[in-house]
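Note: the block below is structure_8.cif and it holds mmCIF, C-alpha atoms (C1' of nucleotides).
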data_query
#
loop_
_atom_site.group_PDB
_atom_site.id
_atom_site.type_symbol
_atom_site.label_atom_id
_atom_site.label_comp_id
_atom_site.auth_asym_id
_atom_site.auth_seq_id
_atom_site.Cartn_x
_atom_site.Cartn_y
_atom_site.Cartn_z
ATOM 1 C CA MET A 1 -52.868 195.653 8.913
ATOM 2 C CA ALA A 2 -52.649 197.544 12.152
ATOM 3 C CA ASN A 3 -50.344 195.046 13.778
ATOM 4 C CA SER A 4 -47.781 192.985 11.969
ATOM 5 C CA PRO A 5 -47.846 189.331 12.989
ATOM 6 C CA ALA A 6 -46.163 188.450 16.262
ATOM 7 C CA SER A 7 -43.345 185.939 16.401
ATOM 8 C CA TRP A 8 -42.915 182.938 18.652
ATOM 9 C CA LEU A 9 -40.670 179.987 19.279
ATOM 10 C CA MET A 10 -42.257 176.598 19.901
ATOM 11 C CA LYS A 11 -40.342 173.573 21.101
ATOM 12 C CA THR A 12 -41.006 170.050 20.000
ATOM 13 C CA GLU A 13 -39.095 166.815 20.239
ATOM 14 C CA PRO A 14 -38.317 165.642 16.692
ATOM 15 C CA ASP A 15 -38.534 162.015 17.827
ATOM 16 C CA VAL A 16 -42.185 162.716 18.583
ATOM 17 C CA PHE A 17 -43.087 165.381 16.043
ATOM 18 C CA GLY A 18 -40.459 167.229 13.990
ATOM 19 C CA ILE A 19 -40.337 169.610 11.060
ATOM 20 C CA ASP A 20 -40.544 166.742 8.547
ATOM 21 C CA ASP A 21 -43.727 165.533 10.202
ATOM 22 C CA LEU A 22 -45.232 169.002 9.916
ATOM 23 C CA ALA A 23 -44.102 169.254 6.289
ATOM 24 C CA ARG A 24 -45.948 166.019 5.566
ATOM 25 C CA LYS A 25 -49.106 166.801 7.540
ATOM 26 C CA ARG A 26 -49.140 170.508 6.589
ATOM 27 C CA VAL A 27 -51.284 171.382 9.628
ATOM 28 C CA GLU A 28 -51.154 170.093 13.181
ATOM 29 C CA HIS A 29 -52.785 170.998 16.455
ATOM 30 C CA TRP A 30 -50.251 171.837 19.142
ATOM 31 C CA ASP A 31 -51.544 169.679 21.961
ATOM 32 C CA GLY A 32 -49.913 168.683 25.204
ATOM 33 C CA VAL A 33 -48.737 172.024 26.540
ATOM 34 C CA ARG A 34 -49.165 171.730 30.326
ATOM 35 C CA ASN A 35 -47.466 174.859 31.553
ATOM 36 C CA PHE A 36 -49.496 177.947 32.369
ATOM 37 C CA GLN A 37 -47.068 180.477 30.981
ATOM 38 C CA ALA A 38 -46.748 178.603 27.710
ATOM 39 C CA ARG A 39 -50.517 178.187 27.567
ATOM 40 C CA ASN A 40 -51.041 181.891 28.082
ATOM 41 C CA HIS A 41 -48.681 182.641 25.217
ATOM 42 C CA MET A 42 -50.721 180.395 22.965
ATOM 43 C CA ARG A 43 -53.921 182.108 24.062
ATOM 44 C CA SER A 44 -52.501 185.417 22.898
ATOM 45 C CA MET A 45 -51.543 184.065 19.475
ATOM 46 C CA LYS A 46 -53.393 185.171 16.377
ATOM 47 C CA VAL A 47 -53.836 183.541 12.981
ATOM 48 C CA GLY A 48 -50.864 184.569 10.867
ATOM 49 C CA ASP A 49 -48.373 184.751 13.721
ATOM 50 C CA GLN A 50 -44.970 183.405 12.819
ATOM 51 C CA VAL A 51 -43.392 180.452 14.586
ATOM 52 C CA LEU A 52 -39.786 179.325 14.866
ATOM 53 C CA PHE A 53 -39.983 175.546 14.926
ATOM 54 C CA TYR A 54 -37.458 174.381 17.508
ATOM 55 C CA HIS A 55 -36.188 170.845 17.972
ATOM 56 C CA SER A 56 -35.516 170.103 21.637
ATOM 57 C CA SER A 57 -33.987 166.999 23.176
ATOM 58 C CA ALA A 58 -32.301 166.546 19.820
ATOM 59 C CA ASP A 59 -28.695 166.174 18.783
ATOM 60 C CA PRO A 60 -28.112 168.971 18.286
ATOM 61 C CA PRO A 61 -31.073 171.016 19.480
ATOM 62 C CA GLY A 62 -31.921 174.056 17.367
ATOM 63 C CA VAL A 63 -34.284 175.832 15.006
ATOM 64 C CA ALA A 64 -35.380 173.576 12.163
ATOM 65 C CA GLY A 65 -37.755 175.792 10.215
ATOM 66 C CA LEU A 66 -40.835 177.960 10.205
ATOM 67 C CA ALA A 67 -44.515 177.497 10.841
ATOM 68 C CA ARG A 68 -47.491 179.803 11.019
ATOM 69 C CA VAL A 69 -50.458 179.942 13.351
ATOM 70 C CA CYS A 70 -53.550 179.001 11.355
ATOM 71 C CA ARG A 71 -56.149 178.750 14.123
ATOM 72 C CA ASP A 72 -56.556 180.813 17.269
ATOM 73 C CA ALA A 73 -56.353 179.096 20.632
ATOM 74 C CA TYR A 74 -59.103 176.610 21.483
ATOM 75 C CA PRO A 75 -59.431 173.976 24.215
ATOM 76 C CA ASP A 76 -56.909 171.150 24.167
ATOM 77 C CA PHE A 77 -59.261 168.181 23.978
ATOM 78 C CA THR A 78 -56.538 165.725 24.959
ATOM 79 C CA SER A 79 -56.731 167.205 28.461
ATOM 80 C CA TRP A 80 -60.053 165.516 29.252
ATOM 81 C CA ASP A 81 -59.332 162.245 27.449
ATOM 82 C CA PRO A 82 -58.439 159.681 30.133
ATOM 83 C CA LYS A 83 -56.591 157.633 27.532
ATOM 84 C CA SER A 84 -54.333 160.497 26.542
ATOM 85 C CA LYS A 85 -50.935 160.859 28.100
ATOM 86 C CA TYR A 86 -51.802 164.536 28.424
ATOM 87 C CA TYR A 87 -54.899 163.811 30.496
ATOM 88 C CA ASP A 88 -55.566 166.262 33.318
ATOM 89 C CA GLU A 89 -58.401 165.402 35.684
ATOM 90 C CA LYS A 90 -58.880 169.074 36.441
ATOM 91 C CA SER A 91 -59.830 169.825 32.854
ATOM 92 C CA THR A 92 -63.305 169.181 31.410
ATOM 93 C CA PRO A 93 -65.109 170.163 28.193
ATOM 94 C CA ASP A 94 -67.220 172.561 30.266
ATOM 95 C CA SER A 95 -64.201 174.045 31.970
ATOM 96 C CA PRO A 96 -61.107 173.488 29.868
ATOM 97 C CA ARG A 97 -57.853 174.110 31.613
ATOM 98 C CA TRP A 98 -55.509 173.893 28.649
ATOM 99 C CA SER A 99 -55.401 175.400 25.197
ATOM 100 C CA MET A 100 -53.775 174.762 21.870
ATOM 101 C CA VAL A 101 -53.433 176.419 18.494
ATOM 102 C CA ASP A 102 -53.126 174.925 15.023
ATOM 103 C CA VAL A 103 -49.936 175.583 13.095
ATOM 104 C CA GLU A 104 -49.228 175.098 9.410
ATOM 105 C CA PHE A 105 -45.955 174.283 7.712
ATOM 106 C CA VAL A 106 -44.116 177.204 6.127
ATOM 107 C CA GLU A 107 -40.586 176.044 5.381
ATOM 108 C CA LYS A 108 -37.783 173.786 6.467
ATOM 109 C CA PHE A 109 -34.592 175.765 6.791
ATOM 110 C CA LEU A 110 -31.853 175.079 4.265
ATOM 111 C CA HIS A 111 -29.494 175.392 7.221
ATOM 112 C CA PHE A 112 -30.558 173.955 10.559
ATOM 113 C CA ILE A 113 -29.497 176.425 13.268
ATOM 114 C CA PRO A 114 -28.010 174.649 16.273
ATOM 115 C CA LEU A 115 -28.453 176.100 19.731
ATOM 116 C CA ASP A 116 -24.699 176.734 19.821
ATOM 117 C CA GLN A 117 -24.988 179.030 16.824
ATOM 118 C CA LEU A 118 -27.875 180.903 18.407
ATOM 119 C CA ARG A 119 -25.669 181.488 21.437
ATOM 120 C CA GLN A 120 -22.821 182.793 19.317
ATOM 121 C CA THR A 121 -24.903 185.113 17.151
ATOM 122 C CA ARG A 122 -24.841 188.774 18.062
ATOM 123 C CA GLY A 123 -28.333 190.100 18.437
ATOM 124 C CA LEU A 124 -29.778 186.878 19.853
ATOM 125 C CA GLU A 125 -28.263 187.032 23.310
ATOM 126 C CA ASP A 126 -31.566 188.005 24.929
ATOM 127 C CA MET A 127 -33.511 185.062 23.548
ATOM 128 C CA LEU A 128 -35.147 183.000 26.254
ATOM 129 C CA VAL A 129 -34.221 179.753 24.555
ATOM 130 C CA ILE A 130 -30.485 180.271 25.107
ATOM 131 C CA ARG A 131 -30.918 180.951 28.805
ATOM 132 C CA ARG A 132 -29.810 177.882 30.671
ATOM 133 C CA GLY A 133 -32.659 176.434 32.593
ATOM 134 C CA MET A 134 -35.297 178.387 30.692
ATOM 135 C CA ARG A 135 -37.594 175.564 29.813
ATOM 136 C CA LEU A 136 -40.589 177.487 28.544
ATOM 137 C CA SER A 137 -41.897 175.524 25.565
ATOM 138 C CA VAL A 138 -43.753 178.425 23.949
ATOM 139 C CA GLN A 139 -41.997 181.743 24.086
ATOM 140 C CA PRO A 140 -42.187 185.166 22.427
ATOM 141 C CA VAL A 141 -39.522 186.275 19.951
ATOM 142 C CA THR A 142 -38.839 189.846 18.815
ATOM 143 C CA PRO A 143 -39.243 190.761 15.126
ATOM 144 C CA LYS A 144 -35.503 191.407 14.906
ATOM 145 C CA GLU A 145 -34.635 188.037 16.347
ATOM 146 C CA PHE A 146 -37.093 186.380 14.013
ATOM 147 C CA GLU A 147 -35.699 188.086 10.911
ATOM 148 C CA LEU A 148 -32.118 187.354 11.914
ATOM 149 C CA ILE A 149 -32.849 183.678 12.417
ATOM 150 C CA CYS A 150 -34.648 183.490 9.071
ATOM 151 C CA ARG A 151 -31.559 184.901 7.372
ATOM 152 C CA LEU A 152 -29.338 182.349 9.094
ATOM 153 C CA GLY A 153 -31.677 179.518 8.206
ATOM 154 C CA ARG A 154 -31.840 180.508 4.565
ATOM 155 C CA GLY A 155 -28.086 180.897 4.406
ATOM 156 C CA GLY A 156 -28.218 184.611 3.680
ATOM 157 C "C1'" DG B 1 -49.326 182.555 51.712
ATOM 158 C "C1'" DC B 2 -44.952 180.276 52.727
ATOM 159 C "C1'" DC B 3 -41.929 176.868 51.331
ATOM 160 C "C1'" DA B 4 -40.262 171.983 51.126
ATOM 161 C "C1'" DA B 5 -40.893 168.159 48.372
ATOM 162 C "C1'" DC B 6 -41.626 166.500 44.177
ATOM 163 C "C1'" DG B 7 -41.897 166.132 39.087
ATOM 164 C "C1'" DT B 8 -40.447 167.740 34.610
ATOM 165 C "C1'" DT B 9 -37.607 169.831 31.108
ATOM 166 C "C1'" DG B 10 -33.925 169.622 28.327
ATOM 167 C "C1'" DG B 11 -28.896 170.486 27.579
ATOM 168 C "C1'" DC B 12 -24.942 168.000 28.207
ATOM 169 C "C1'" DG C 1 -28.164 158.891 32.397
ATOM 170 C "C1'" DC C 2 -27.106 162.992 35.089
ATOM 171 C "C1'" DC C 3 -28.615 166.916 37.176
ATOM 172 C "C1'" DA C 4 -29.614 172.025 37.403
ATOM 173 C "C1'" DA C 5 -33.281 174.933 37.007
ATOM 174 C "C1'" DC C 6 -37.704 175.689 37.256
ATOM 175 C "C1'" DG C 7 -42.929 174.987 37.979
ATOM 176 C "C1'" DT C 8 -46.501 172.874 40.711
ATOM 177 C "C1'" DT C 9 -48.495 170.859 44.720
ATOM 178 C "C1'" DG C 10 -49.889 170.431 49.266
ATOM 179 C "C1'" DG C 11 -49.068 170.604 54.336
ATOM 180 C "C1'" DC C 12 -49.056 173.848 57.647
#
Encoded form using structure tokens:
Amino acid sequence: MANSPASWLMKTEPDVFGIDDLARKRVEHWDGVRNFQARNHMRSMKVGDQVLFYHSSADPPGVAGLARVCRDAYPDFTSWDPKSKYYDEKSTPDSPRWSMVDVEFVEKFLHFIPLDQLRQTRGLEDMLVIRRGMRLSVQPVTPKEFELICRLGRGG
DNA sequence: GCCAACGTTGGC
DNA sequence: GCCAACGTTGGC
């Protein structure tokens, strides 16, 4: 492979859809992203890219496990469904405004990594997710950050 | 194209 | 539930 897979962090509220839900469903489409920057990140994703599965609005928030992109970006069909809470009148099947990818379950971490621990870990200080007020729900992660977090999650 | 008002995110 | 930080919208 010319390029090793890229790494990302994707936020989800576990009350709505958490790592256990993904473990049960195996594959899920990542609908509902309504932020252009986050959307653009998803559009640049490729099948095989690695995903840190992050629980937000949780107690505590943190990284719960890993997922993998299993379908390149395609139109988010909830955006033109008037019954969806993600409905956007500016989006149509002919001219979709929003995108999503499919992700598949990889693993649930043996050790959940709370946001506090991310903050205190040397080597992770540049991560967007620990920047106060950085609300981007889909964000890029460096290979080093990804590997470090995997080690923490597996207890190594 | 500026920027104030407004809505949302998300940690606390 | 609070509110800071940020993105989006819309009047001008």
Using the chain letters and numbers from this file, what does the PyMOL selection byres ((chain A) within 12 of (chain B)) select? Give the answer as a PyMOL selection string. chain A and resi 11-13+34-35+55-62+115-116+129-137
Translate the PyMOL selection byres ((chain A and resi 75-82) around 7), as applied to the file shown, into an explicit residue set as a PyMOL selection string. chain A and resi 31+73-74+83-84+86-89+91-93+96+98-100
Separation of CA of Ala64 in chain A and CA of Asp20 in chain A, in Å? 9.3 Å
Convert the output of the PyMOL selection byres ((chain A and resi 52) around 7) on the shown file into explicit residues, formatted as a list of chain:residue names.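 Answer for the PyMOL selection byres ((chain A and resi 52) around 7): A:Trp8, A:Leu9, A:Met10, A:Gln50, A:Val51, A:Phe53, A:Tyr54, A:Val63, A:Gly65, A:Leu66, A:Ala67.
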Dump of C-alpha atoms for the selected residues, as a PDB file, keeping the file's coordinate frame:
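Below is the file part_3.pdb, written as the result:
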ATOM      1  CA  TRP A   8     -42.915 182.938  18.652  1.00  0.00           C
ATOM      2  CA  LEU A   9     -40.670 179.987  19.279  1.00  0.00           C
ATOM      3  CA  MET A  10     -42.257 176.598  19.901  1.00  0.00           C
ATOM      4  CA  GLN A  50     -44.970 183.405  12.819  1.00  0.00           C
ATOM      5  CA  VAL A  51     -43.392 180.452  14.586  1.00  0.00           C
ATOM      6  CA  PHE A  53     -39.983 175.546  14.926  1.00  0.00           C
ATOM      7  CA  TYR A  54     -37.458 174.381  17.508  1.00  0.00           C
ATOM      8  CA  VAL A  63     -34.284 175.832  15.006  1.00  0.00           C
ATOM      9  CA  GLY A  65     -37.755 175.792  10.215  1.00  0.00           C
ATOM     10  CA  LEU A  66     -40.835 177.960  10.205  1.00  0.00           C
ATOM     11  CA  ALA A  67     -44.515 177.497  10.841  1.00  0.00           C
TER      12      ALA A  67
END
Can you tell me how far CA of Pro140 in chain A sits from CA of Cys70 in chain A, in Å to one decimal? 17.0 Å
Quick one, how far is CA of Asp126 in chain A from CA of Phe105 in chain A?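 Between CA of Asp126 in chain A and CA of Phe105 in chain A the gap works out to 26.3 Å.
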